Amino acid sequence: MKVEVQDLRVLRAVADSGSLAGAARALGVHQAAVTRRVQHLERVTGLVVLHRDHRGAYLTGAGRLLLRCADELLPRIDRLLAAGSPGGTPGPAAERLRIGAVPSSALPLVTARAQALFPSAVIELRTVTGAYREPVGDSGPDDSGAALLSLFRLQRLDLAVVRHSAVLGGPLPDLLDSAVLAEENLLVGTGEGHRLARRPSVALADLEGERCLLAGGRRHAVLRRHFTAAVRRADVGVGLHWAPDEAEAAAIACAVRGVLPAYPFPAPAAGVVYVPLSDAVTRHELLLVWPSDGPAAAWAPRLADTVRAAYPGAAYPGWAG
């Protein structure tokens, strides 16, 4: 018996999800099929590749070594399969299309258009952290662009939806291609009785002295960095206050007549009115990103075109709730 390609795909899915059940969901198969693949891999290699306990499944040292080999081999196999696919335009691997994304209201549209383009592909969504380039102080850019590039180099992603600002950060790495899905500005939400409510737009200078509520957690880390960098650049004095989640942040903002920074388009909250910020430092692009030398280069621009035509944020700025 020999190691099979699907054994390696299962190993990667388990490593990504941290459990056999999560790997099964990502691959669109039953958990028993994942278990059989892991058992087959361990049997033919003579290695224990996974450690299992009540918290999930974790790669052993041997499993991590095997995974590094898999990450080198699988992309080459996928490119070979794509090159031989009918129809002339290579698509993603038959089993999956891996899309990384920052939290964005455009994501459902991206996944829907991708599924329409490749009906047989199972779409896997993965959180992209550090996908917004912000300088560290004024000394130079951080390595978030490089971190994004590393995800592609490790073949963890086929596409990514990210936010990018030329004002607060540098260009994306040369080895990545991108297409603009929308140009957007940060929003601020206020209670209906707030002095800034119902304006067509608000400048950062209008926030001088305001209490700004920011939701905690990893999901909102990019928004926090963007907003705090913007007010720092504009030299605006605001009071920053923290809440554990969006709902509590909105409730406190209404109770204390504060403001609630947000990316378009936030989930509706009763009593909260959103208006766009007008400053250049709050402007950013929502990008679809892919490796310039990868298989997605053949079809990602077409996907971006269909998303841009349908996404309401493409008409931004000028949205007031």
# chains A, B, ... in the order shown; residues from 1 in each chain; ligands from 1
>>> residues_around(residues="A:Ala215", least_positions_apart="2", cutoff="7 Å", atoms="only C-alpha atoms", output="ChimeraX atom specification")
/A:213,217,220,242-246,249
>>> select_by_dssp(residues="stretch 96-314 of chain A", states="strand (DSSP E or B)", output="ChimeraX atom specification")
/A:96-101,122-127,135,141,159-164,176-185,187-191,202,211-215,239-243,259-262,272-277,283-291
>>> closest_residue(among="A:Leu176, A:Ala269, A:Val128, A:Cys69", to="A:Leu154", atoms="only C-alpha atoms")
A:Cys69
>>> residues_around(residues="stretch 203-209 of chain A", least_positions_apart="2", cutoff="7 Å", atoms="only C-alpha atoms", output="PyMOL selection string")
chain A and resi 201+211+231+236-239+277-279
>>> write_last_selection(atoms="N, CA and C atoms", output="mmCIF file, in the first residue's frame")
data_model
loop_
_atom_site.group_PDB
_atom_site.id
_atom_site.type_symbol
_atom_site.label_atom_id
_atom_site.label_comp_id
_atom_site.auth_asym_id
_atom_site.auth_seq_id
_atom_site.Cartn_x
_atom_site.Cartn_y
_atom_site.Cartn_z
ATOM 1 N N SER A 201 -22.429 62.952 5.903
ATOM 2 C CA SER A 201 -21.106 62.414 6.209
ATOM 3 C C SER A 201 -20.556 63.147 7.419
ATOM 4 N N ARG A 211 -16.855 60.030 22.876
ATOM 5 C CA ARG A 211 -16.551 58.704 23.399
ATOM 6 C C ARG A 211 -16.803 57.684 22.289
ATOM 7 N N VAL A 231 -7.545 58.204 13.676
ATOM 8 C CA VAL A 231 -7.671 59.352 14.573
ATOM 9 C C VAL A 231 -6.299 59.853 14.994
ATOM 10 N N VAL A 236 -6.845 63.825 16.308
ATOM 11 C CA VAL A 236 -8.144 64.095 16.924
ATOM 12 C C VAL A 236 -8.175 63.420 18.287
ATOM 13 N N GLY A 237 -8.600 64.165 19.292
ATOM 14 C CA GLY A 237 -8.683 63.618 20.640
ATOM 15 C C GLY A 237 -10.026 62.969 20.894
ATOM 16 N N VAL A 238 -10.060 61.664 21.027
ATOM 17 C CA VAL A 238 -11.290 60.944 21.333
ATOM 18 C C VAL A 238 -11.045 60.055 22.547
ATOM 19 N N GLY A 239 -12.113 59.728 23.219
ATOM 20 C CA GLY A 239 -12.030 58.763 24.312
ATOM 21 C C GLY A 239 -12.364 57.381 23.791
ATOM 22 N N LEU A 277 -17.584 58.319 7.347
ATOM 23 C CA LEU A 277 -16.522 59.296 7.577
ATOM 24 C C LEU A 277 -15.969 59.727 6.218
ATOM 25 N N SER A 278 -15.570 60.976 6.116
ATOM 26 C CA SER A 278 -15.168 61.525 4.819
ATOM 27 C C SER A 278 -13.667 61.681 4.650
ATOM 28 N N ASP A 279 -12.879 61.477 5.704
ATOM 29 C CA ASP A 279 -11.438 61.727 5.618
ATOM 30 C C ASP A 279 -10.743 60.663 4.769
#
>>> residues_around(residues="A:Pro266", least_positions_apart="3", cutoff="9 Å", atoms="only C-alpha atoms", output="CSV table (one decimal) with all heavy atoms, in the first residue's frame")
chain,number,residue,atom,x,y,z
A,104,SER,N,-16.5,40.8,6.4
A,104,SER,CA,-17.0,41.8,5.4
A,104,SER,C,-18.4,41.3,4.9
A,104,SER,O,-18.7,40.1,4.8
A,104,SER,CB,-16.1,41.9,4.2
A,104,SER,OG,-16.7,42.5,3.1
A,105,SER,N,-19.3,42.3,4.7
A,105,SER,CA,-20.6,42.0,4.2
A,105,SER,C,-20.5,41.5,2.7
A,105,SER,O,-21.5,41.0,2.2
A,105,SER,CB,-21.5,43.2,4.3
A,105,SER,OG,-21.0,44.3,3.6
A,187,LEU,N,-17.4,53.9,8.8
A,187,LEU,CA,-18.7,54.5,9.2
A,187,LEU,C,-18.6,54.8,10.7
A,187,LEU,O,-17.8,54.2,11.4
A,187,LEU,CB,-19.9,53.6,9.0
A,187,LEU,CG,-20.0,52.9,7.6
A,187,LEU,CD1,-21.2,52.0,7.6
A,187,LEU,CD2,-20.2,54.0,6.5
A,262,ALA,N,-17.4,51.5,12.5
A,262,ALA,CA,-17.8,50.2,11.9
A,262,ALA,C,-17.3,50.2,10.4
A,262,ALA,O,-17.1,51.3,9.8
A,262,ALA,CB,-19.3,50.0,11.9
A,263,TYR,N,-17.2,49.0,9.9
A,263,TYR,CA,-17.0,48.9,8.4
A,263,TYR,C,-18.3,48.7,7.8
A,263,TYR,O,-19.3,48.1,8.4
A,263,TYR,CB,-16.2,47.6,8.2
A,263,TYR,CG,-14.7,47.8,8.3
A,263,TYR,CD1,-13.9,47.0,9.2
A,263,TYR,CD2,-14.0,48.8,7.6
A,263,TYR,CE1,-12.6,47.2,9.3
A,263,TYR,CE2,-12.6,49.0,7.8
A,263,TYR,CZ,-11.9,48.2,8.6
A,263,TYR,OH,-10.6,48.3,8.7
A,269,ALA,N,-28.8,47.7,14.0
A,269,ALA,CA,-29.0,47.7,15.4
A,269,ALA,C,-30.1,48.8,15.7
A,269,ALA,O,-30.0,49.9,15.2
A,269,ALA,CB,-27.7,48.1,16.1
A,274,TYR,N,-26.0,55.0,11.1
A,274,TYR,CA,-24.7,55.0,10.6
A,274,TYR,C,-24.5,56.1,9.5
A,274,TYR,O,-25.3,56.2,8.6
A,274,TYR,CB,-24.3,53.6,10.0
A,274,TYR,CG,-24.1,52.6,11.1
A,274,TYR,CD1,-25.1,51.8,11.5
A,274,TYR,CD2,-22.9,52.5,11.8
A,274,TYR,CE1,-24.9,50.8,12.5
A,274,TYR,CE2,-22.7,51.6,12.8
A,274,TYR,CZ,-23.7,50.7,13.1
A,274,TYR,OH,-23.5,49.8,14.1
>>> residues_around(residues="A:Arg219", least_positions_apart="5", cutoff="10 Å", atoms="only C-alpha atoms", output="list in words")
Val102, Pro103, Thr127, Val128, Thr129, Arg224 and Asp245 of chain A
>>> write_last_selection(atoms="all heavy atoms", output="tab-separated table (two decimals), in the first residue's frame")
chain	number	residue	atom	x	y	z
A	102	VAL	N	-11.32	38.74	5.72
A	102	VAL	CA	-11.62	39.56	6.89
A	102	VAL	C	-13.14	39.64	6.99
A	102	VAL	O	-13.84	39.41	6.00
A	102	VAL	CB	-11.02	40.97	6.74
A	102	VAL	CG1	-9.51	40.92	6.73
A	102	VAL	CG2	-11.54	41.67	5.48
A	103	PRO	N	-13.70	39.94	8.17
A	103	PRO	CA	-15.15	40.09	8.27
A	103	PRO	C	-15.64	41.18	7.31
A	103	PRO	O	-15.18	42.31	7.35
A	103	PRO	CB	-15.37	40.50	9.73
A	103	PRO	CG	-14.17	39.95	10.45
A	103	PRO	CD	-13.04	40.08	9.47
A	127	THR	N	-10.42	32.45	8.29
A	127	THR	CA	-10.21	33.81	8.77
A	127	THR	C	-8.80	34.27	8.41
A	127	THR	O	-7.83	33.55	8.61
A	127	THR	CB	-10.40	33.88	10.28
A	127	THR	OG1	-11.73	33.47	10.59
A	127	THR	CG2	-10.20	35.31	10.78
A	128	VAL	N	-8.72	35.48	7.86
A	128	VAL	CA	-7.43	36.10	7.56
A	128	VAL	C	-7.18	37.16	8.61
A	128	VAL	O	-7.95	38.11	8.74
A	128	VAL	CB	-7.42	36.73	6.16
A	128	VAL	CG1	-6.12	37.48	5.92
A	128	VAL	CG2	-7.60	35.66	5.09
A	129	THR	N	-6.10	37.02	9.38
A	129	THR	CA	-5.73	38.04	10.36
A	129	THR	C	-4.57	38.84	9.82
A	129	THR	O	-3.79	38.38	9.01
A	129	THR	CB	-5.35	37.40	11.69
A	129	THR	OG1	-4.27	36.49	11.47
A	129	THR	CG2	-6.52	36.65	12.29
A	224	ARG	N	-10.35	47.99	14.87
A	224	ARG	CA	-9.75	48.78	15.95
A	224	ARG	C	-8.44	49.44	15.49
A	224	ARG	O	-8.20	50.62	15.76
A	224	ARG	CB	-9.50	47.90	17.18
A	224	ARG	CG	-10.76	47.41	17.86
A	224	ARG	CD	-10.46	46.85	19.24
A	224	ARG	NE	-9.56	45.71	19.19
A	224	ARG	CZ	-9.95	44.44	19.05
A	224	ARG	NH1	-11.23	44.15	18.93
A	224	ARG	NH2	-9.06	43.45	19.04
A	245	ASP	N	-18.59	42.90	22.85
A	245	ASP	CA	-19.13	42.50	21.54
A	245	ASP	C	-19.86	43.67	20.91
A	245	ASP	O	-20.02	44.75	21.51
A	245	ASP	CB	-20.05	41.28	21.67
A	245	ASP	CG	-21.19	41.50	22.66
A	245	ASP	OD1	-21.77	42.60	22.67
A	245	ASP	OD2	-21.49	40.58	23.43
>>> residues_around(residues="A:Arg153", least_positions_apart="5", cutoff="12 Å", atoms="only C-alpha atoms", output="MDAnalysis selection string")
chainID A and resid 68 71:72 75 146:148 158:159 175:176 290:294
